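Participant: Just one file: upload03.txt, with compact mmCIF, C-alpha atoms and all ligand atoms.
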```txt
# COMPACT_ATOMS: atom_id res chain seq x y z
CA MET A 45 2.38 -4.02 24.87
CA SER A 46 1.40 -0.38 24.31
CA ASN A 47 2.18 0.42 27.97
CA GLN A 48 5.60 -1.18 27.89
CA SER A 49 8.73 0.41 26.58
CA ASN A 50 10.42 -1.77 23.97
CA PRO A 51 13.83 -0.29 23.11
CA GLU A 52 14.79 -3.16 20.80
CA PHE A 53 11.69 -2.71 18.70
CA TYR A 54 12.26 1.06 18.66
CA GLU A 55 15.85 0.53 17.51
CA TYR A 56 14.70 -1.78 14.74
CA LEU A 57 12.07 0.70 13.51
CA ALA A 58 14.45 3.66 13.72
CA LYS A 59 17.15 1.88 11.70
CA ARG A 60 15.03 -0.21 9.32
CA ARG A 61 16.22 -0.39 5.73
CA SER A 62 14.61 -1.82 2.64
CA ALA A 63 16.51 -4.54 0.83
CA SER A 64 16.56 -4.48 -2.94
CA VAL A 65 18.62 -7.61 -3.69
CA LEU A 66 16.74 -10.64 -2.47
CA HIS A 67 17.30 -14.37 -2.88
CA GLU A 68 15.87 -17.75 -1.92
CA PRO A 69 14.78 -18.96 0.54
CA LYS A 70 11.50 -17.11 0.51
CA PRO A 71 8.91 -17.33 3.29
CA SER A 72 6.96 -20.58 3.59
CA LYS A 73 3.19 -20.58 2.99
CA ASN A 74 2.68 -20.35 6.74
CA GLU A 75 5.09 -17.42 7.00
CA ILE A 76 3.43 -15.65 4.05
CA GLU A 77 0.12 -15.94 5.89
CA LYS A 78 1.76 -14.48 9.00
CA ILE A 79 3.12 -11.53 6.98
CA LEU A 80 -0.33 -10.94 5.47
CA ALA A 81 -1.83 -11.05 8.97
CA ILE A 82 0.33 -8.06 9.90
CA ALA A 83 -1.01 -6.20 6.84
CA GLY A 84 -4.46 -6.85 8.28
CA THR A 85 -3.59 -4.83 11.41
CA VAL A 86 -3.21 -1.41 9.74
CA PRO A 87 -5.27 1.55 10.96
CA ASP A 88 -8.52 1.30 9.01
CA HIS A 89 -11.46 3.66 9.60
CA GLY A 90 -14.62 1.57 9.88
CA ASN A 91 -12.62 -1.63 9.50
CA LEU A 92 -13.59 -1.75 5.83
CA ARG A 93 -10.45 -3.62 4.75
CA PRO A 94 -10.28 -1.68 1.47
CA TYR A 95 -7.44 -3.77 0.09
CA ARG A 96 -6.54 -7.19 -1.14
CA PHE A 97 -3.33 -8.94 -2.08
CA VAL A 98 -2.04 -11.24 -4.77
CA VAL A 99 0.90 -13.50 -3.92
CA ILE A 100 3.27 -14.00 -6.85
CA GLU A 101 5.91 -16.70 -6.62
CA ASP A 102 7.71 -19.25 -8.75
CA THR A 103 6.22 -19.51 -12.25
CA SER A 104 3.59 -16.82 -11.68
CA ARG A 105 6.51 -14.39 -11.80
CA ASP A 106 6.65 -15.11 -15.57
CA LYS A 107 3.09 -13.86 -16.03
CA PHE A 108 3.80 -10.88 -13.80
CA GLY A 109 6.96 -9.99 -15.75
CA ASP A 110 5.06 -10.28 -19.06
CA SER A 111 2.29 -8.00 -17.79
CA LEU A 112 4.85 -5.33 -16.81
CA VAL A 113 6.39 -5.50 -20.29
CA ASP A 114 2.93 -5.30 -21.89
CA ALA A 115 2.06 -2.28 -19.72
CA ALA A 116 5.22 -0.46 -20.82
CA ASP A 117 4.60 -1.46 -24.45
CA ALA A 118 1.09 -0.04 -24.33
CA HIS A 119 2.33 3.33 -23.04
CA ARG A 120 5.39 3.89 -25.16
CA PRO A 121 4.91 5.30 -28.66
CA GLU A 122 7.62 3.17 -30.27
CA PRO A 123 8.13 -0.62 -29.87
CA LEU A 124 10.39 -1.55 -26.95
CA GLU A 125 13.87 -2.81 -27.67
CA ASP A 126 14.56 -6.36 -26.50
CA LYS A 127 17.09 -5.19 -23.91
CA VAL A 128 14.55 -2.76 -22.44
CA LYS A 129 11.97 -5.55 -22.33
CA ALA A 130 14.46 -7.80 -20.52
CA LYS A 131 15.18 -5.05 -17.96
CA ILE A 132 11.48 -4.54 -17.27
CA ARG A 133 10.79 -8.27 -17.09
CA ALA A 134 13.66 -8.66 -14.59
CA LYS A 135 11.62 -6.65 -12.07
CA ALA A 136 9.50 -9.74 -11.54
CA PHE A 137 12.62 -11.76 -10.71
CA ALA A 138 14.37 -9.30 -8.39
CA ALA A 139 13.11 -11.42 -5.48
CA PRO A 140 11.77 -14.96 -5.09
CA MET A 141 8.29 -13.61 -4.41
CA GLN A 142 6.12 -10.51 -4.52
CA ILE A 143 2.94 -9.49 -2.78
CA LEU A 144 0.89 -7.24 -5.04
CA ILE A 145 -1.14 -4.63 -3.14
CA ILE A 146 -4.55 -3.78 -4.56
CA TYR A 147 -6.57 -0.83 -3.32
CA SER A 148 -10.12 -2.12 -3.26
CA PRO A 149 -12.50 0.60 -2.06
CA VAL A 150 -15.75 -0.22 -0.31
CA ALA A 151 -18.91 1.85 -0.94
CA SER A 152 -19.40 4.05 2.14
CA GLU A 153 -21.14 7.37 2.75
CA LYS A 154 -19.14 7.97 5.90
CA ILE A 155 -15.62 6.91 5.07
CA HIS A 156 -14.14 8.83 2.17
CA ALA A 157 -12.10 7.27 -0.61
CA TRP A 158 -8.96 9.08 0.56
CA GLU A 159 -9.22 7.47 3.99
CA GLN A 160 -9.61 4.06 2.39
CA MET A 161 -6.62 4.71 0.11
CA ALA A 162 -4.59 5.75 3.17
CA ALA A 163 -5.48 2.51 4.96
CA ALA A 164 -4.65 0.42 1.89
CA SER A 165 -1.33 2.27 1.54
CA CYS A 166 -0.40 1.43 5.12
CA THR A 167 -0.48 -2.25 4.21
CA GLY A 168 2.66 -1.83 2.07
CA PHE A 169 4.73 -0.80 5.07
CA ALA A 170 3.07 -3.43 7.24
CA LEU A 171 4.07 -6.14 4.75
CA VAL A 172 7.68 -4.90 4.85
CA LEU A 173 7.69 -4.89 8.66
CA GLY A 174 5.99 -8.29 8.84
CA ALA A 175 8.58 -9.80 6.50
CA ASN A 176 11.46 -8.19 8.45
CA THR A 177 10.26 -9.50 11.79
CA LEU A 178 10.32 -13.04 10.38
CA GLY A 179 13.92 -12.49 9.26
CA TYR A 180 13.32 -11.67 5.57
CA GLY A 181 14.36 -8.63 3.60
CA ALA A 182 11.70 -6.66 1.77
CA VAL A 183 11.16 -3.59 -0.38
CA TRP A 184 8.05 -1.87 -1.74
CA LYS A 185 8.26 -1.43 -5.53
CA SER A 186 6.12 0.09 -8.24
CA PHE A 187 6.13 0.70 -11.96
CA ALA A 188 6.03 3.86 -14.04
CA TYR A 189 3.14 2.51 -16.12
CA ASP A 190 -0.04 1.19 -14.57
CA PRO A 191 0.12 -2.59 -14.97
CA GLY A 192 -3.55 -2.78 -13.95
CA PRO A 193 -5.10 -3.19 -17.39
CA MET A 194 -2.57 -5.88 -18.30
CA LEU A 195 -3.09 -7.71 -15.04
CA LYS A 196 -6.85 -7.59 -15.34
CA GLY A 197 -7.03 -11.05 -16.89
CA LEU A 198 -4.74 -12.45 -14.21
CA VAL A 199 -6.21 -10.97 -11.06
CA SER A 200 -9.68 -9.73 -12.13
CA LEU A 201 -9.36 -6.08 -11.15
CA SER A 202 -12.61 -4.13 -10.96
CA ASN A 203 -12.79 -0.59 -12.38
CA GLU A 204 -12.52 0.90 -8.87
CA GLU A 205 -9.49 -1.13 -7.88
CA LYS A 206 -5.96 0.13 -8.27
CA ILE A 207 -2.58 -1.52 -7.95
CA LEU A 208 -0.42 0.20 -5.31
CA GLY A 209 2.75 -1.58 -6.32
CA TRP A 210 4.14 -4.71 -4.76
CA VAL A 211 6.46 -5.81 -1.97
CA ASN A 212 9.45 -7.95 -2.93
CA ILE A 213 10.35 -10.44 -0.21
CA GLY A 214 13.27 -12.84 0.17
CA THR A 215 16.55 -13.48 1.91
CA GLU A 216 19.24 -10.82 2.03
CA LYS A 217 22.79 -11.98 1.46
CA GLY A 218 25.74 -10.00 2.72
CA ARG A 219 24.57 -6.45 2.12
CA ASP A 220 25.76 -3.63 4.33
CA HIS A 221 23.07 -1.02 4.65
CA ALA A 222 23.94 2.62 4.55
CA PRO A 223 23.01 4.07 7.94
CA ARG A 224 19.49 5.45 8.12
CA GLU A 225 19.44 9.22 7.92
CA ALA A 226 17.41 10.75 10.73
CA LEU A 227 14.39 12.84 9.73
CA PRO A 228 15.41 16.53 9.67
CA ILE A 229 12.75 17.45 12.21
CA SER A 230 12.97 21.22 11.70
CA ASP A 231 12.21 20.85 7.97
CA HIS A 232 9.27 18.51 8.37
CA VAL A 233 7.65 19.16 11.72
CA GLN A 234 6.04 22.18 13.33
CA PHE A 235 5.42 22.21 17.10
CA LEU A 236 2.50 24.60 17.48
CA ASN A 237 3.28 25.23 21.16
CA GLU A 238 6.67 26.64 20.30
CA LYS A 239 5.41 29.18 17.77
C1 LIG A 301 4.37 3.25 -3.28
C2 LIG A 301 5.86 3.09 -3.30
C3 LIG A 301 6.48 2.67 -4.44
C4 LIG A 301 7.87 2.54 -4.50
N1 LIG A 301 8.45 2.13 -5.67
C5 LIG A 301 9.80 2.00 -5.74
C6 LIG A 301 10.41 1.52 -6.93
O1 LIG A 301 9.75 1.17 -7.90
N2 LIG A 301 11.75 1.45 -6.94
C7 LIG A 301 12.53 1.81 -5.86
O2 LIG A 301 13.74 1.72 -5.95
N3 LIG A 301 11.95 2.23 -4.71
C8 LIG A 301 10.62 2.33 -4.63
N4 LIG A 301 10.04 2.76 -3.46
C9 LIG A 301 10.91 3.11 -2.32
C10 LIG A 301 11.43 1.86 -1.61
O3 LIG A 301 10.34 1.09 -1.13
C11 LIG A 301 12.36 2.21 -0.42
O4 LIG A 301 11.69 2.97 0.53
C12 LIG A 301 13.58 2.96 -0.91
O5 LIG A 301 14.35 2.08 -1.66
C13 LIG A 301 14.42 3.53 0.24
O6 LIG A 301 14.86 2.51 1.10
P1 LIG A 301 14.58 2.55 2.67
O7 LIG A 301 13.15 2.09 2.85
O8 LIG A 301 15.62 1.61 3.25
O9 LIG A 301 14.79 3.96 3.10
C14 LIG A 301 8.65 2.85 -3.36
C15 LIG A 301 8.01 3.25 -2.18
C16 LIG A 301 6.64 3.37 -2.14
C17 LIG A 301 5.98 3.82 -0.87
```
Translate the structure described by the file into structure tokens.
Facilitator:
Amino acid sequence: MSNQSNPEFYEYLAKRRSASVLHEPKPSKNEIEKILAIAGTVPDHGNLRPYRFVVIEDTSRDKFGDSLVDAADAHRPEPLEDKVKAKIRAKAFAAPMQILIIYSPVASEKIHAWEQMAAASCTGFALVLGANTLGYGAVWKSFAYDPGPMLKGLVSLSNEEKILGWVNIGTEKGRDHAPREALPISDHVQFLNEK
């Protein structure tokens, strides 16, 4: 594969867009496992697998929505208005399912925490790509307030673990994507040879 040119795959990667409005049907259990398998292919120094995932679907979205509201409540000085609570809770229902990404570092003298965080972060994109290749839309989401403490009871987070957001997955219906803007190479890349 790595020695073969694959223009279709290149075209897909170059034009990929996230999808924020997602509906049923969601991936089957088998498809969810396939998407997670792609997350397990990310570059990972020492193959430590410093990450884990929580699949949220159906009624577990209620608990997830409540924990987001509780997290916001805990951080805001004044009580949240009902309409604000409803808006926050709706994040859990923006798609038929979510995959929560948890950074879960492994004790290592050789492989620094930043490398492990980088590997765990790659899984977010891998989940999006995995979902796309099975025909589903996906988008990586996060929250302004750390939902970790609120989710502790639900997913047993250790003190070292950190939630890196979640990937919404579902079926896109009739959305035209704005064309992908190409990376302005001159602003973001330096070719040392040309200096
Ligand atoms: C860690 C992380 C968290 C994100 N959180 C949000 C979010 O909460 N809301 C949002 O609209 N986009 C969020 N994004 C950006 C989207 O995933 C997506 O990239 C963005 O909507 C642009 O769409 P595109 O991927 O088609 O360019 C996040 C991205 C990352 C990497």
Participant: Can you write out as JSON lines which residues of chain A fall within 6 Å of ligand LIG 301 (chain A), alongside each residue's closest atom pair and its distance in Å to one decimal, counting all atoms listed in the file and ordering rows by chain and ascending residue number?
Facilitator:
```
{"residue": "A:Arg61", "atom": "CA", "partner": "A:LIG301", "partner_atom": "O8", "distance": 3.2}
{"residue": "A:Ser62", "atom": "CA", "partner": "A:LIG301", "partner_atom": "O8", "distance": 3.6}
{"residue": "A:Val183", "atom": "CA", "partner": "A:LIG301", "partner_atom": "O3", "distance": 4.8}
{"residue": "A:Trp184", "atom": "CA", "partner": "A:LIG301", "partner_atom": "O3", "distance": 3.8}
{"residue": "A:Lys185", "atom": "CA", "partner": "A:LIG301", "partner_atom": "N1", "distance": 3.6}
{"residue": "A:Ser186", "atom": "CA", "partner": "A:LIG301", "partner_atom": "O1", "distance": 3.8}
{"residue": "A:Phe187", "atom": "CA", "partner": "A:LIG301", "partner_atom": "O1", "distance": 5.5}
{"residue": "A:Gly209", "atom": "CA", "partner": "A:LIG301", "partner_atom": "C1", "distance": 5.9}
```
Participant: Could you tell me which of A:Ile155, A:Leu124, A:Ala226, A:Val98 comes closest to A:Ile143 if we count only C-alpha atoms?
Facilitator: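 Nearest candidate to A:Ile143 out of A:Ile155, A:Leu124, A:Ala226, A:Val98: A:Val98.
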Participant: Can you work out the spacing between atom CA of A:Gln48 and atom CA of A:Ala175 in Å, to one decimal?
Facilitator: 23.3 Å
Participant: Calculated over all atoms listed in the file, which of the candidates A:Glu238, A:Asp106, A:Glu153, A:Glu52 has the smallest distance to A:Ala130?
Facilitator: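 Closest candidate: A:Asp106.
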Participant: If I take atom CA of A:Val65 and atom CA of A:Arg105, how far is one from the other in Å, to one decimal?
Facilitator: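 Atom CA of A:Arg105 lies at a distance of 16.1 Å from atom CA of A:Val65.
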Participant: What does the distance from atom CA of A:Ala115 to atom CA of A:Tyr95 come to in Å, to one decimal?
Facilitator: 22.0 Å
Participant: Restricting the calculation to only C-alpha atoms: of A:Ile145, A:Leu227, A:Val99, A:Ala139, which residue gets closest to A:Pro69?
Facilitator: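 Smallest separation from A:Pro69 among the options: A:Ala139.
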Participant: When distances are computed from all atoms listed in the file, which of A:Val113, A:Ala118, A:Leu92, A:Ala151 shows the smallest separation from A:Arg133?
Facilitator: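 Under the stated criterion, the closest residue is A:Val113.
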Participant: Fewer than 4 positions away in the same chain doesn't count, so skip those; otherwise give me all residues within 8 Å of A:Tyr180, counting only C-alpha atoms, as a list in words.
Facilitator: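 That gives Lys70, Pro71, Ala175, Asn176, Ile213, Gly214, Thr215 and Glu216 of chain A.
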Participant: Just the residues within 12 Å of A:Asp102, please, counting only C-alpha atoms, with nothing from its chain fewer than 5 positions along; format it as number ranges by chain.
Facilitator: A: 68-70, 107-109, 136-142
Participant: With only C-alpha atoms as the counted atoms, please give the residues lying no more than 12 Å from A:Leu57, apart from itself and same-chain residues fewer than 2 positions off, as a list in words.
Facilitator: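 Neighbouring residues, sequence-local ones excluded: Asn50, Pro51, Glu52, Phe53, Tyr54, Glu55, Lys59, Arg60, Arg61, Ser62, Phe169, Ala170, Val172, Leu173, Gly174, Asn176, Thr177, Arg224 and Ala226 of chain A.
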Participant: Measuring between all atoms listed in the file, which one of A:Trp210, A:Leu112, A:Trp158, A:Val128 shows the shortest distance to A:Asp190?
Facilitator: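 Among the listed residues, A:Leu112 lies closest to A:Asp190.
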Participant: Near A:Ile79, counting all atoms listed in the file, which residues have an atom at most 8 Å away, once you skip same-chain residues fewer than 3 positions from it, shown as an mmCIF file with C-alpha atoms, in the frame of the given file?
Facilitator:
```cif
data_model
loop_
_atom_site.group_PDB
_atom_site.id
_atom_site.type_symbol
_atom_site.label_atom_id
_atom_site.label_comp_id
_atom_site.auth_asym_id
_atom_site.auth_seq_id
_atom_site.Cartn_x
_atom_site.Cartn_y
_atom_site.Cartn_z
ATOM 1 C CA GLU A 75 5.090 -17.420 7.000
ATOM 2 C CA ILE A 76 3.430 -15.650 4.050
ATOM 3 C CA ILE A 82 0.330 -8.060 9.900
ATOM 4 C CA ALA A 83 -1.010 -6.200 6.840
ATOM 5 C CA LEU A 171 4.070 -6.140 4.750
ATOM 6 C CA GLY A 174 5.990 -8.290 8.840
ATOM 7 C CA ALA A 175 8.580 -9.800 6.500
#
```
